[in-house]
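Engineer: Input structure: structure30.cif, which contains mmCIF, C-alpha atoms.
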data_start
#
loop_
_atom_site.label_atom_id
_atom_site.label_comp_id
_atom_site.auth_asym_id
_atom_site.auth_seq_id
_atom_site.Cartn_x
_atom_site.Cartn_y
_atom_site.Cartn_z
CA MET A 1 -18.87 7.98 15.57
CA THR A 2 -15.50 7.88 17.28
CA SER A 3 -13.58 11.12 17.32
CA ILE A 4 -11.08 9.58 14.89
CA ALA A 5 -13.74 8.95 12.25
CA GLU A 6 -15.19 12.40 12.79
CA LYS A 7 -11.83 14.04 12.33
CA VAL A 8 -11.17 12.05 9.14
CA VAL A 9 -14.48 13.13 7.66
CA ALA A 10 -13.65 16.72 8.65
CA GLY A 11 -10.42 16.34 6.67
CA ASP A 12 -7.93 16.55 9.54
CA ILE A 13 -4.54 15.82 7.98
CA ARG A 14 -2.76 14.49 11.06
CA THR A 15 -5.61 12.11 11.91
CA VAL A 16 -5.75 10.80 8.34
CA ALA A 17 -1.98 10.32 8.28
CA ARG A 18 -2.01 8.41 11.57
CA LEU A 19 -4.96 6.26 10.60
CA ILE A 20 -3.18 5.15 7.42
CA ARG A 21 -0.16 4.32 9.56
CA ASP A 22 -2.32 2.20 11.86
CA ILE A 23 -3.81 0.40 8.85
CA ASP A 24 -0.31 -0.27 7.55
CA ASP A 25 0.94 -1.41 10.94
CA GLY A 26 -2.03 -3.76 11.28
CA ILE A 27 -3.51 -2.28 14.45
CA PRO A 28 -6.81 -4.15 15.10
CA GLU A 29 -8.57 -1.01 16.42
CA VAL A 30 -8.67 0.48 12.93
CA ARG A 31 -11.45 -1.90 11.94
CA LYS A 32 -13.93 0.00 14.07
CA VAL A 33 -12.95 3.29 12.44
CA LEU A 34 -13.14 1.81 8.95
CA LYS A 35 -16.64 0.51 9.66
CA GLU A 36 -17.68 4.00 10.68
CA LEU A 37 -16.05 5.57 7.64
CA TYR A 38 -17.71 3.23 5.15
CA PRO A 39 -20.92 5.31 4.82
CA HIS A 40 -18.74 8.30 3.94
CA THR A 41 -16.95 6.53 1.11
CA GLY A 42 -17.83 5.71 -2.49
CA ARG A 43 -17.65 9.31 -3.71
CA ALA A 44 -14.10 9.62 -4.99
CA TYR A 45 -13.00 8.68 -8.49
CA VAL A 46 -10.06 6.28 -8.24
CA ILE A 47 -7.35 6.15 -10.91
CA GLY A 48 -4.70 3.42 -10.85
CA ILE A 49 -1.34 4.11 -12.49
CA THR A 50 0.93 1.18 -13.13
CA GLY A 51 4.00 0.33 -15.16
CA SER A 52 7.60 -0.81 -14.88
CA PRO A 53 10.13 1.10 -12.80
CA GLY A 54 11.48 4.16 -14.60
CA VAL A 55 8.64 4.72 -17.07
CA GLY A 56 7.76 8.00 -15.37
CA LYS A 57 4.75 7.16 -13.24
CA SER A 58 5.56 9.60 -10.45
CA THR A 59 6.21 12.45 -12.86
CA LEU A 60 2.94 11.65 -14.61
CA VAL A 61 1.07 11.63 -11.30
CA ASP A 62 2.64 14.97 -10.43
CA GLN A 63 1.29 16.48 -13.68
CA MET A 64 -2.12 14.89 -13.18
CA VAL A 65 -2.35 16.47 -9.74
CA ALA A 66 -1.46 19.88 -11.21
CA HIS A 67 -4.11 19.56 -13.93
CA LEU A 68 -6.83 18.25 -11.62
CA ARG A 69 -6.12 21.10 -9.19
CA LYS A 70 -6.57 23.57 -12.05
CA ARG A 71 -10.01 22.06 -12.54
CA GLY A 72 -10.69 22.82 -8.88
CA LYS A 73 -10.64 19.17 -7.81
CA THR A 74 -9.01 17.87 -4.64
CA VAL A 75 -6.62 14.95 -4.98
CA GLY A 76 -5.26 12.15 -2.80
CA VAL A 77 -2.21 10.18 -3.92
CA LEU A 78 -1.05 6.77 -2.68
CA ALA A 79 2.41 6.00 -4.03
CA VAL A 80 3.44 2.40 -3.46
CA ASP A 81 7.07 1.28 -3.57
CA PRO A 82 8.53 -2.15 -2.86
CA THR A 83 9.75 -3.30 0.52
CA SER A 84 13.19 -4.88 0.58
CA PRO A 85 12.72 -8.62 1.04
CA PHE A 86 16.00 -8.74 2.95
CA SER A 87 15.74 -5.99 5.56
CA GLY A 88 12.02 -5.25 5.51
CA GLY A 89 12.91 -1.60 4.97
CA ALA A 90 12.03 0.52 1.97
CA ILE A 91 13.08 3.70 0.23
CA LEU A 92 9.98 5.60 -0.78
CA GLY A 93 11.09 8.06 -3.40
CA ASP A 94 7.97 8.79 -5.44
CA ARG A 95 7.38 11.90 -3.41
CA VAL A 96 10.48 13.55 -4.87
CA ARG A 97 8.56 14.22 -8.10
CA MET A 98 5.47 15.50 -6.34
CA GLN A 99 6.86 17.65 -3.54
CA ARG A 100 5.71 20.90 -5.22
CA HIS A 101 2.18 19.98 -4.13
CA SER A 102 3.06 19.41 -0.49
CA MET A 103 1.93 22.88 0.62
CA ASP A 104 -1.38 22.63 -1.25
CA PRO A 105 -4.15 21.84 1.26
CA GLY A 106 -6.20 20.28 -1.56
CA VAL A 107 -3.62 17.55 -2.05
CA PHE A 108 -2.70 14.68 0.28
CA ILE A 109 0.24 12.50 -0.73
CA ARG A 110 1.18 9.31 1.07
CA SER A 111 3.98 6.88 0.30
CA MET A 112 3.36 3.24 1.16
CA ALA A 113 5.63 0.23 1.13
CA THR A 114 4.43 -3.15 -0.14
CA ARG A 115 5.56 -4.79 3.12
CA GLY A 116 4.14 -8.19 2.25
CA HIS A 117 2.28 -8.32 5.53
CA PHE A 118 -0.94 -9.90 6.72
CA GLY A 119 -3.72 -9.26 4.27
CA GLY A 120 -1.21 -8.06 1.74
CA LEU A 121 -0.84 -4.83 -0.10
CA THR A 122 -4.30 -5.06 -1.55
CA GLN A 123 -6.09 -4.89 1.74
CA SER A 124 -4.18 -2.02 3.31
CA THR A 125 -4.12 0.05 0.14
CA ARG A 126 -7.85 -0.42 -0.31
CA SER A 127 -8.46 0.71 3.23
CA ALA A 128 -6.21 3.73 2.63
CA ILE A 129 -8.27 4.56 -0.46
CA ASP A 130 -11.39 4.49 1.72
CA VAL A 131 -9.77 6.86 4.20
CA LEU A 132 -8.85 9.41 1.51
CA ASP A 133 -12.32 9.00 0.04
CA ALA A 134 -13.94 9.66 3.43
CA MET A 135 -11.79 12.75 3.95
CA GLY A 136 -13.44 14.13 0.83
CA LYS A 137 -10.87 13.88 -1.93
CA ASP A 138 -12.48 14.10 -5.40
CA TYR A 139 -9.80 12.03 -7.10
CA ILE A 140 -7.55 9.35 -5.65
CA ILE A 141 -4.53 8.29 -7.66
CA VAL A 142 -2.84 5.00 -6.75
CA GLU A 143 0.62 4.46 -8.19
CA THR A 144 2.23 1.01 -8.14
CA VAL A 145 4.90 -0.92 -9.96
CA GLY A 146 2.65 -3.29 -11.84
CA VAL A 147 4.37 -6.53 -11.05
CA GLY A 148 2.94 -9.22 -8.85
CA GLN A 149 -0.62 -10.26 -8.31
CA ASP A 150 -1.15 -8.00 -5.33
CA GLU A 151 -0.30 -4.91 -7.29
CA VAL A 152 -2.54 -5.88 -10.17
CA ASP A 153 -5.31 -6.40 -7.63
CA VAL A 154 -4.74 -2.92 -6.28
CA VAL A 155 -5.34 -1.31 -9.62
CA ARG A 156 -8.42 -3.45 -10.00
CA SER A 157 -10.01 -1.43 -7.24
CA ALA A 158 -9.58 1.65 -9.45
CA HIS A 159 -12.29 3.02 -11.73
CA THR A 160 -9.75 3.73 -14.45
CA THR A 161 -6.54 1.74 -14.71
CA VAL A 162 -3.72 3.33 -16.67
CA ILE A 163 -0.77 1.32 -17.98
CA VAL A 164 2.34 3.38 -18.64
CA VAL A 165 5.06 2.20 -21.02
CA ILE A 166 7.99 3.89 -22.77
CA PRO A 167 9.35 3.48 -26.30
CA GLY A 168 11.79 0.67 -26.87
CA MET A 169 10.42 -1.58 -24.20
CA GLY A 170 9.26 -4.17 -26.67
CA ASP A 171 9.96 -7.07 -24.38
CA ASP A 172 8.18 -5.29 -21.63
CA ILE A 173 5.02 -5.13 -23.63
CA GLN A 174 5.38 -8.84 -24.17
CA ALA A 175 5.52 -9.20 -20.42
CA ILE A 176 2.45 -7.13 -19.72
CA LYS A 177 0.57 -8.89 -22.48
CA ALA A 178 -0.02 -11.92 -20.30
CA GLY A 179 -0.41 -10.08 -17.03
CA ILE A 180 -1.94 -6.69 -16.92
CA LEU A 181 -2.87 -5.92 -20.48
CA GLU A 182 -6.41 -7.01 -19.73
CA VAL A 183 -6.80 -4.61 -16.84
CA GLY A 184 -5.65 -1.51 -18.75
CA ASP A 185 -8.37 1.04 -19.54
CA ILE A 186 -5.94 3.57 -20.96
CA PHE A 187 -2.44 3.00 -22.30
CA LEU A 188 0.12 5.78 -22.16
CA ILE A 189 3.39 5.88 -24.02
CA ASN A 190 5.44 8.24 -21.91
CA LYS A 191 8.72 9.84 -23.03
CA ALA A 192 7.12 9.76 -26.48
CA ASP A 193 9.81 12.08 -27.86
CA ARG A 194 12.17 9.14 -27.72
CA GLU A 195 12.96 6.98 -30.67
CA GLY A 196 10.63 4.07 -31.27
CA SER A 197 7.41 5.53 -29.93
CA ASP A 198 5.56 4.79 -33.21
CA LYS A 199 6.70 1.19 -33.08
CA THR A 200 5.50 0.88 -29.48
CA LEU A 201 2.20 2.46 -30.48
CA SER A 202 1.62 -0.02 -33.28
CA ASP A 203 2.66 -2.96 -31.07
CA LEU A 204 0.14 -1.94 -28.45
CA ARG A 205 -2.55 -1.26 -31.03
CA LEU A 206 -2.08 -4.70 -32.49
CA MET A 207 -2.57 -6.32 -29.11
CA ILE A 208 -5.64 -4.30 -28.33
CA GLU A 209 -7.19 -4.86 -31.75
CA MET A 210 -6.93 -8.59 -31.14
CA ASP A 211 -9.67 -8.16 -28.56
CA GLN A 212 -11.90 -6.59 -31.22
CA LYS A 213 -14.86 -8.81 -30.33
CA LYS A 214 -15.08 -7.27 -26.87
CA TYR A 215 -15.47 -3.76 -28.26
CA GLU A 216 -18.02 -4.63 -30.91
CA HIS A 217 -20.57 -5.23 -28.19
CA GLY A 218 -20.23 -1.76 -26.74
CA GLY A 219 -17.24 -2.58 -24.55
CA TRP A 220 -14.62 0.02 -23.71
CA LYS A 221 -11.79 0.11 -26.19
CA PRO A 222 -8.64 1.29 -24.43
CA PRO A 223 -7.14 4.37 -26.12
CA ILE A 224 -3.37 4.54 -26.58
CA LEU A 225 -1.96 8.00 -26.07
CA LYS A 226 1.48 9.53 -26.35
CA VAL A 227 2.59 11.80 -23.55
CA GLU A 228 5.72 13.56 -22.35
CA ALA A 229 4.98 13.94 -18.68
CA VAL A 230 8.15 15.80 -17.80
CA PHE A 231 7.32 18.49 -20.40
CA ASP A 232 3.62 18.51 -19.46
CA LYS A 233 2.68 17.41 -22.99
CA GLY A 234 -0.45 15.37 -23.67
CA ILE A 235 -1.74 15.45 -20.10
CA ASP A 236 -4.94 17.32 -20.99
CA GLU A 237 -5.76 14.78 -23.70
CA PHE A 238 -5.01 11.98 -21.25
CA LEU A 239 -7.36 13.41 -18.62
CA GLU A 240 -10.04 13.81 -21.29
CA ALA A 241 -9.68 10.10 -21.97
CA VAL A 242 -10.15 9.49 -18.22
CA ASP A 243 -13.34 11.63 -18.41
CA GLN A 244 -14.57 9.56 -21.34
CA HIS A 245 -13.91 6.37 -19.45
CA GLU A 246 -15.79 7.76 -16.48
CA ALA A 247 -18.71 8.61 -18.75
CA TYR A 248 -18.59 5.06 -20.15
CA LEU A 249 -18.64 3.60 -16.62
CA ALA A 250 -21.57 5.85 -15.73
CA ARG A 251 -23.52 4.25 -18.59
CA THR A 252 -22.61 0.75 -17.39
CA GLU A 253 -24.51 -0.82 -14.53
CA GLY A 254 -22.34 -0.96 -11.41
CA GLY A 255 -19.58 0.73 -13.39
CA LEU A 256 -19.05 3.71 -11.13
CA ASP A 257 -20.74 2.43 -8.03
CA PHE A 258 -18.62 -0.54 -7.00
CA ARG A 259 -20.72 -1.29 -3.95
CA GLY A 260 -23.74 -1.86 -6.15
CA ASN A 261 -21.73 -4.14 -8.41
CA ARG A 262 -22.25 -7.76 -7.37
CA GLU A 263 -19.07 -8.96 -9.07
CA LYS A 264 -16.90 -6.29 -7.42
CA VAL A 265 -18.47 -6.85 -4.02
CA ARG A 266 -17.94 -10.58 -4.34
CA GLN A 267 -14.30 -10.07 -5.28
CA GLU A 268 -13.68 -7.58 -2.51
CA LEU A 269 -15.37 -9.65 0.16
CA LYS A 270 -13.42 -12.69 -0.91
CA GLU A 271 -10.17 -10.76 -0.47
CA MET A 272 -11.27 -9.58 2.95
CA VAL A 273 -12.28 -13.04 4.13
CA LYS A 274 -8.99 -14.42 2.85
CA ALA A 275 -7.00 -11.77 4.70
CA ARG A 276 -8.97 -12.12 7.91
CA LEU A 277 -8.80 -15.92 7.92
CA TRP A 278 -5.10 -15.87 7.31
CA GLU A 279 -4.65 -13.37 10.10
CA GLU A 280 -6.75 -15.16 12.68
CA VAL A 281 -5.51 -18.66 11.94
CA LEU A 282 -1.85 -17.80 11.63
CA ASP A 283 -1.97 -15.63 14.76
CA ARG A 284 -3.43 -18.49 16.74
CA LEU A 285 -1.00 -21.08 15.40
CA THR A 286 1.97 -18.81 15.98
CA GLU A 287 0.94 -17.98 19.52
CA SER A 288 0.32 -21.59 20.51
CA GLY A 289 3.67 -22.64 19.08
CA GLU A 290 1.97 -25.16 16.79
CA PHE A 291 3.39 -23.45 13.72
CA ASP A 292 6.98 -23.67 14.94
CA ASN A 293 6.45 -27.27 16.01
CA ALA A 294 5.24 -28.15 12.53
CA VAL A 295 8.29 -26.49 11.00
CA GLU A 296 10.49 -28.56 13.29
CA SER A 297 8.75 -31.78 12.42
CA ILE A 298 9.26 -31.15 8.69
CA VAL A 299 12.91 -30.14 9.13
CA SER A 300 13.66 -33.20 11.23
CA GLY A 301 12.00 -35.45 8.67
CA ARG A 302 9.17 -36.59 10.95
CA ALA A 303 6.43 -35.13 8.76
CA ASP A 304 5.81 -34.08 5.19
CA PRO A 305 4.63 -30.51 4.61
CA TYR A 306 1.27 -31.62 3.18
CA THR A 307 0.30 -33.53 6.29
CA ALA A 308 1.72 -30.82 8.54
CA CYS A 309 -0.36 -28.18 6.77
CA GLU A 310 -3.51 -30.27 7.02
CA ASP A 311 -2.89 -30.93 10.71
CA LEU A 312 -2.53 -27.22 11.32
CA VAL A 313 -5.39 -25.85 9.27
CA LEU A 314 -8.25 -28.27 9.73
CA PRO A 315 -8.26 -28.33 13.57
CA ALA A 316 -7.75 -24.55 13.68
CA LEU A 317 -10.88 -24.03 11.58
CA SER A 318 -13.08 -26.43 13.51
CA ARG A 319 -12.15 -24.89 16.86
CA MET B 1 -2.98 -8.58 12.82
CA LYS B 2 -0.05 -8.76 15.18
CA GLN B 3 2.32 -6.63 13.23
CA LYS B 4 5.16 -4.78 14.76
CA ARG B 5 5.23 -1.01 14.32
CA ARG B 6 7.76 -0.17 11.69
CA VAL B 7 10.02 2.87 12.02
CA ARG B 8 9.22 5.49 9.39
CA VAL B 9 11.73 8.25 8.81
CA MET B 10 12.05 11.12 6.37
CA VAL B 11 15.35 12.13 4.86
CA ALA B 12 15.15 15.74 3.72
CA LYS B 13 17.39 18.25 2.02
CA PRO B 14 16.46 21.76 3.10
CA GLY B 15 17.61 24.87 1.31
CA LEU B 16 19.68 25.53 -1.78
CA ASP B 17 22.28 22.82 -1.24
CA GLY B 18 22.43 20.67 -4.36
CA HIS B 19 24.37 17.68 -3.12
CA ASP B 20 22.45 14.68 -1.93
CA ARG B 21 24.83 11.77 -2.15
CA GLY B 22 25.23 11.77 1.62
CA ALA B 23 21.48 11.87 2.13
CA ARG B 24 21.04 8.95 -0.28
CA ILE B 25 23.64 6.88 1.51
CA ILE B 26 21.92 7.54 4.82
CA ALA B 27 18.56 6.60 3.27
CA ARG B 28 20.06 3.36 2.06
CA ALA B 29 21.51 2.57 5.50
CA TYR B 30 18.12 3.22 7.09
CA ARG B 31 16.43 0.94 4.59
CA ASP B 32 18.94 -1.80 5.33
CA ALA B 33 18.15 -1.37 9.02
CA GLY B 34 14.51 -2.16 8.22
CA PHE B 35 13.13 1.38 8.32
CA GLU B 36 10.72 2.86 5.80
CA VAL B 37 12.44 5.92 4.40
CA VAL B 38 10.61 8.73 2.65
CA TYR B 39 13.00 10.86 0.63
CA THR B 40 11.92 14.39 -0.28
CA GLY B 41 14.49 15.32 -2.89
CA LEU B 42 16.49 18.54 -3.09
CA HIS B 43 15.70 22.20 -2.41
CA GLN B 44 12.98 21.85 0.18
CA THR B 45 11.70 24.67 2.33
CA PRO B 46 11.20 23.92 6.05
CA GLU B 47 7.44 24.34 5.45
CA GLU B 48 7.43 21.70 2.70
CA ILE B 49 9.43 19.28 4.83
CA VAL B 50 7.12 19.63 7.83
CA GLU B 51 3.96 19.27 5.76
CA ALA B 52 5.33 16.16 4.04
CA ALA B 53 6.44 14.68 7.37
CA ILE B 54 2.94 15.09 8.78
CA GLN B 55 1.24 13.56 5.72
CA GLU B 56 3.70 10.66 5.81
CA ASP B 57 3.34 10.20 9.58
CA VAL B 58 7.07 9.72 10.09
CA ASP B 59 8.69 9.22 13.49
CA MET B 60 11.81 11.18 12.64
CA ILE B 61 13.13 13.75 10.17
CA GLY B 62 16.80 13.55 9.22
CA LEU B 63 17.97 16.86 7.76
CA SER B 64 21.05 17.00 5.58
CA SER B 65 22.86 20.22 4.85
CA LEU B 66 26.23 20.78 3.29
CA ALA B 67 25.79 24.42 2.34
CA GLY B 68 26.10 26.26 5.64
CA ALA B 69 22.51 27.37 6.24
CA HIS B 70 21.84 24.77 8.95
CA ASN B 71 21.68 27.38 11.72
CA TYR B 72 18.58 28.81 10.12
CA LEU B 73 17.01 25.76 8.43
CA PHE B 74 17.24 23.10 11.15
CA PRO B 75 15.68 25.20 13.96
CA ALA B 76 13.02 26.40 11.49
CA VAL B 77 11.88 22.80 10.98
CA VAL B 78 11.77 22.21 14.75
CA GLN B 79 9.79 25.42 15.26
CA LEU B 80 7.25 24.60 12.53
CA LEU B 81 6.71 21.12 13.97
CA ARG B 82 5.91 22.74 17.31
CA GLU B 83 3.47 25.12 15.68
CA ARG B 84 1.71 22.21 13.98
CA GLY B 85 1.51 20.24 17.23
CA ALA B 86 3.78 17.63 15.73
CA ASP B 87 6.82 18.02 17.96
CA ASP B 88 6.69 14.33 18.82
CA ILE B 89 8.55 13.91 15.53
CA VAL B 90 12.27 13.65 16.34
CA VAL B 91 14.58 15.91 14.35
CA CYS B 92 18.23 15.10 13.76
CA GLY B 93 20.70 16.55 11.33
CA GLY B 94 23.92 15.91 9.54
CA GLY B 95 26.38 17.33 7.08
CA ILE B 96 29.11 19.92 7.15
CA ILE B 97 28.33 21.37 10.56
CA PRO B 98 31.05 23.19 12.54
CA GLU B 99 31.65 21.93 16.08
CA ASP B 100 30.61 25.32 17.51
CA ASP B 101 27.15 25.13 15.94
CA ILE B 102 26.21 21.74 17.34
CA ASP B 103 25.33 22.94 20.84
CA LYS B 104 23.28 25.80 19.42
CA LEU B 105 21.34 23.40 17.24
CA LYS B 106 20.74 21.05 20.16
CA THR B 107 19.49 23.93 22.28
CA ALA B 108 17.10 24.79 19.44
CA GLY B 109 15.62 21.29 19.64
CA VAL B 110 17.65 19.29 17.12
CA GLN B 111 18.21 16.07 19.01
CA GLU B 112 21.46 14.92 17.46
CA VAL B 113 23.92 16.12 14.86
CA PHE B 114 26.15 13.82 12.82
CA THR B 115 29.26 15.23 11.19
CA PRO B 116 31.36 13.73 8.35
CA GLY B 117 33.12 10.52 9.26
CA THR B 118 30.40 9.20 11.55
CA PRO B 119 30.04 5.47 10.86
CA LEU B 120 26.65 4.52 9.39
CA ASP B 121 26.20 1.90 12.10
CA LYS B 122 26.37 4.60 14.72
CA ILE B 123 23.72 6.70 12.99
CA VAL B 124 21.39 3.72 12.61
CA GLN B 125 21.98 2.71 16.21
CA TRP B 126 21.14 6.22 17.41
CA VAL B 127 17.79 6.04 15.61
CA GLU B 128 17.07 2.61 17.05
CA GLN B 129 17.74 3.90 20.54
CA ASN B 130 16.12 7.31 20.33
CA VAL B 131 13.19 6.94 17.95
CA THR B 132 10.22 4.84 18.99
CA PRO B 133 7.70 4.10 16.28
CA ARG B 134 4.65 5.68 17.84
#
Written as structure tokens, that's how I'd like the structure from this file.
Structural biologist:
Amino acid sequence: MTSIAEKVVAGDIRTVARLIRDIDDGIPEVRKVLKELYPHTGRAYVIGITGSPGVGKSTLVDQMVAHLRKRGKTVGVLAVDPTSPFSGGAILGDRVRMQRHSMDPGVFIRSMATRGHFGGLTQSTRSAIDVLDAMGKDYIIVETVGVGQDEVDVVRSAHTTVIVVIPGMGDDIQAIKAGILEVGDIFLINKADREGSDKTLSDLRLMIEMDQKKYEHGGWKPPILKVEAVFDKGIDEFLEAVDQHEAYLARTEGGLDFRGNREKVRQELKEMVKARLWEEVLDRLTESGEFDNAVESIVSGRADPYTACEDLVLPALSR
Amino acid sequence: MKQKRRVRVMVAKPGLDGHDRGARIIARAYRDAGFEVVYTGLHQTPEEIVEAAIQEDVDMIGLSSLAGAHNYLFPAVVQLLRERGADDIVVCGGGIIPEDDIDKLKTAGVQEVFTPGTPLDKIVQWVEQNVTPR
């Protein structure tokens, strides 16, 4: 093993922090380290938290960390915030709600920006999960704004995916219905002291009941729970639901052990191949100037984008 | 995988000072300059700031203080970074800082101090010139 991998497994904070930076910055050398870390992963329980901005995800994560620490568990947190499409910069503010845990050696918190880079959010966040897993964290919590395919994919690499909503967001539930309703293992209505929480509860219940057929055959039926994260209300019950979901996964083949799950492995490998192909091909075309030439030929009206794309991709692959 | 290193900075509010509008404006300016900005929120101890900066692997910490305790808090952050072997992280500061204190802070290892009225462009430019993403 390289000294980097050894230090990660030994739980060295600075090394872990720098490795995640290298993953994010797309440094090719990290691949070697990740290969070495792989045998040390697959132990952590991964929880994905997703929901619209302002529903209280960070506050919820902060309470989860506190409760899991009381149980004597170590926790890693990956808090993902969007990159500005204009400047490429980002303000990562999730940490504000979790700073009380910063001095706790059993907790590692890292903010990540979506960046929209090679391989996408999915790939770098997944690798970051592996790093926290290899450093020995019992639980890894991944927090993302659940919009966009990439972010839904991220939560798909979680054992338990939690969708957070707040009362009065009727239209929002409509929005998640099509997108991420299917991926939710637990639904939380946060800020449940607010008006309309019963209405939100019945709306959600209706949508979940519509999938009744799935549950009749022993499938997991997502519970809907009310919480008030800021007042630390309902968090114990929520974590019990996570435990129950874990127990359900343990009874399901390949439920807990993703690397023994053909479907998960297939999905993951596909993502990796996609990212790597994109990287290699685009790198080559950018370096050779072919990409820019193709752009020019489309702009000047000499070529249509379909032909240009074909002329770029097919030769690049056969080389 | 040819991605450029992106500058990561932390904007932190040490001590009991409860005003963070300035810090938020700076954070916004950094974002618009293409940096990733981790904001810690109010009332941080130097220990909390340093620990967070290490976990976040930032290239720079920008400390904001409007409450007069900068002579203790800023050097404390620098000192803790040294103790943790993380003194490659640049520390700069800003806020209501009397002229007379600036040299003392610089001697203590704070690399630059920005006082009220400094144009945002100048602050961003300073980071671009003095902070190299590792």
Engineer: So, counting all atoms listed in the file, which residue among B:Arg21, B:Arg28, B:Arg82, B:Lys106 is closest to chain A?
Structural biologist: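 Comparing B:Arg21, B:Arg28, B:Arg82, B:Lys106 against chain A, the winner is B:Arg28.
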Engineer: What is the distance between CA of Ala76 in chain B and CA of Gly94 in chain B, in Å to one decimal?
Structural biologist: 15.3 Å
Engineer: Compute the set of chain B residues within 9 Å of chain A, using all atoms listed in the file, and express it as a count of residues only.
Structural biologist: 33
Engineer: For the file shown, what are the residues hit by the PyMOL selection byres ((chain B and resi 133) around 9), laid out as a list in words?
Structural biologist: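 With the shown file as input, the PyMOL selection byres ((chain B and resi 133) around 9) matches Arg5, Arg6, Val7, Arg8, Val58, Asp59, Met60, Val131, Thr132 and Arg134 of chain B.
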Engineer: Selected residues, C-alpha atoms, written as a compact mmCIF listing (two decimals), keeping the file's coordinate frame, please.
Structural biologist:
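Okay, this is what ended up in result_24.txt:
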# COMPACT_ATOMS: atom_id res chain seq x y z
CA ARG B 5 5.23 -1.01 14.32
CA ARG B 6 7.76 -0.17 11.69
CA VAL B 7 10.02 2.87 12.02
CA ARG B 8 9.22 5.49 9.39
CA VAL B 58 7.07 9.72 10.09
CA ASP B 59 8.69 9.22 13.49
CA MET B 60 11.81 11.18 12.64
CA VAL B 131 13.19 6.94 17.95
CA THR B 132 10.22 4.84 18.99
CA ARG B 134 4.65 5.68 17.84
Engineer: I'd like the interatomic distance between CA of Leu60 in chain A and CA of Asn190 in chain A, to a tenth of an Å.
Structural biologist: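 Separating CA of Leu60 in chain A from CA of Asn190 in chain A is a distance of 8.4 Å.
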Engineer: Can you pull out every residue within 12 Å of Gln79 in chain B, counting all atoms listed in the file, but drop anything in the same chain fewer than 2 positions away, and send it as a list in words?
Structural biologist: Pro46, Glu47, Val50, Tyr72, Leu73, Phe74, Pro75, Ala76, Val77, Leu81, Arg82, Glu83, Arg84, Gly85, Ala86, Asp87, Ile89, Val91, Leu105, Ala108, Gly109 and Val110 of chain B
Engineer: Written as an NGL selection string, what is the full residue list that the PyMOL selection byres ((chain B and resi 67) around 9) yields on the file shown?
Structural biologist: :B and (15-19 or 65-66 or 68-70 or 95-96)
Engineer: Once the PyMOL selection byres ((chain A and resi 200) around 12) has been evaluated on this model, what residues remain selected, and can you format them as a PyMOL selection string?
Structural biologist: chain A and resi 164-174+187-192+194-199+201-207+224-226
Engineer: Find the residues with any atom within 10 Å of (-14.5, 4.3, 17.0); use all atoms listed in the file and the coordinates as given in the file, and write the answer as a ChimeraX atom specification.
Structural biologist: /A:1-6,29-37
Engineer: Out of B:Gly22, B:Asp103, B:Thr115, B:Val124, which residue has the shortest atom-to-atom distance to Val9 in chain B when counting only C-alpha atoms?
Structural biologist: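 Distance minimum relative to Val9 in chain B lands on B:Val124.
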Engineer: With only C-alpha atoms as the basis for distance, which of A:Val227, A:Leu312, A:Leu68, A:Ile163 is at the shortest distance from Phe291 in chain A?
Structural biologist: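 Closest residue, counting only C-alpha atoms: A:Leu312.
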Engineer: Quote the spacing between CA of Ile298 in chain A and CA of Asp311 in chain A in Å to one decimal place.
Structural biologist: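 A separation of 12.3 Å between them.
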Engineer: Check the smallest atom-to-atom distance from each of A:Val162, A:Val46, A:Ala10, A:Ala66 to Arg126 in chain A using all atoms listed in the file, then report the winner.
Structural biologist: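 Residue with the minimum atom-to-atom distance to Arg126 in chain A: A:Val46.
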Engineer: Mind checking which residues fall within 12 Å of Phe258 in chain A, counting all atoms listed in the file, ignoring those fewer than 6 positions away in the same chain, and posting them as a PyMOL selection string?
Structural biologist: chain A and resi 41-46+156-159+249-250+252+264-268
Engineer: For range 20-26 of chain B, supply N, CA and C atoms and report the output as a PDB file, in the coordinates of the input.
Structural biologist:
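Once written, part33.pdb looks like this:
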ATOM      1  N   ASP B  20      23.222  15.580  -2.779  1.00  0.00           N
ATOM      2  CA  ASP B  20      22.450  14.680  -1.930  1.00  0.00           C
ATOM      3  C   ASP B  20      23.013  13.267  -1.853  1.00  0.00           C
ATOM      4  N   ARG B  21      24.297  13.121  -2.232  1.00  0.00           N
ATOM      5  CA  ARG B  21      24.830  11.770  -2.150  1.00  0.00           C
ATOM      6  C   ARG B  21      24.828  11.258  -0.709  1.00  0.00           C
ATOM      7  N   GLY B  22      25.224  12.138   0.203  1.00  0.00           N
ATOM      8  CA  GLY B  22      25.230  11.770   1.620  1.00  0.00           C
ATOM      9  C   GLY B  22      23.847  11.348   2.077  1.00  0.00           C
ATOM     10  N   ALA B  23      22.863  12.155   1.716  1.00  0.00           N
ATOM     11  CA  ALA B  23      21.480  11.870   2.130  1.00  0.00           C
ATOM     12  C   ALA B  23      21.031  10.520   1.576  1.00  0.00           C
ATOM     13  N   ARG B  24      21.432  10.228   0.328  1.00  0.00           N
ATOM     14  CA  ARG B  24      21.040   8.950  -0.280  1.00  0.00           C
ATOM     15  C   ARG B  24      21.693   7.767   0.420  1.00  0.00           C
ATOM     16  N   ILE B  25      22.944   7.967   0.815  1.00  0.00           N
ATOM     17  CA  ILE B  25      23.640   6.880   1.510  1.00  0.00           C
ATOM     18  C   ILE B  25      22.973   6.611   2.858  1.00  0.00           C
ATOM     19  N   ILE B  26      22.605   7.698   3.536  1.00  0.00           N
ATOM     20  CA  ILE B  26      21.920   7.540   4.820  1.00  0.00           C
ATOM     21  C   ILE B  26      20.576   6.821   4.600  1.00  0.00           C
TER      22      ILE B  26
END
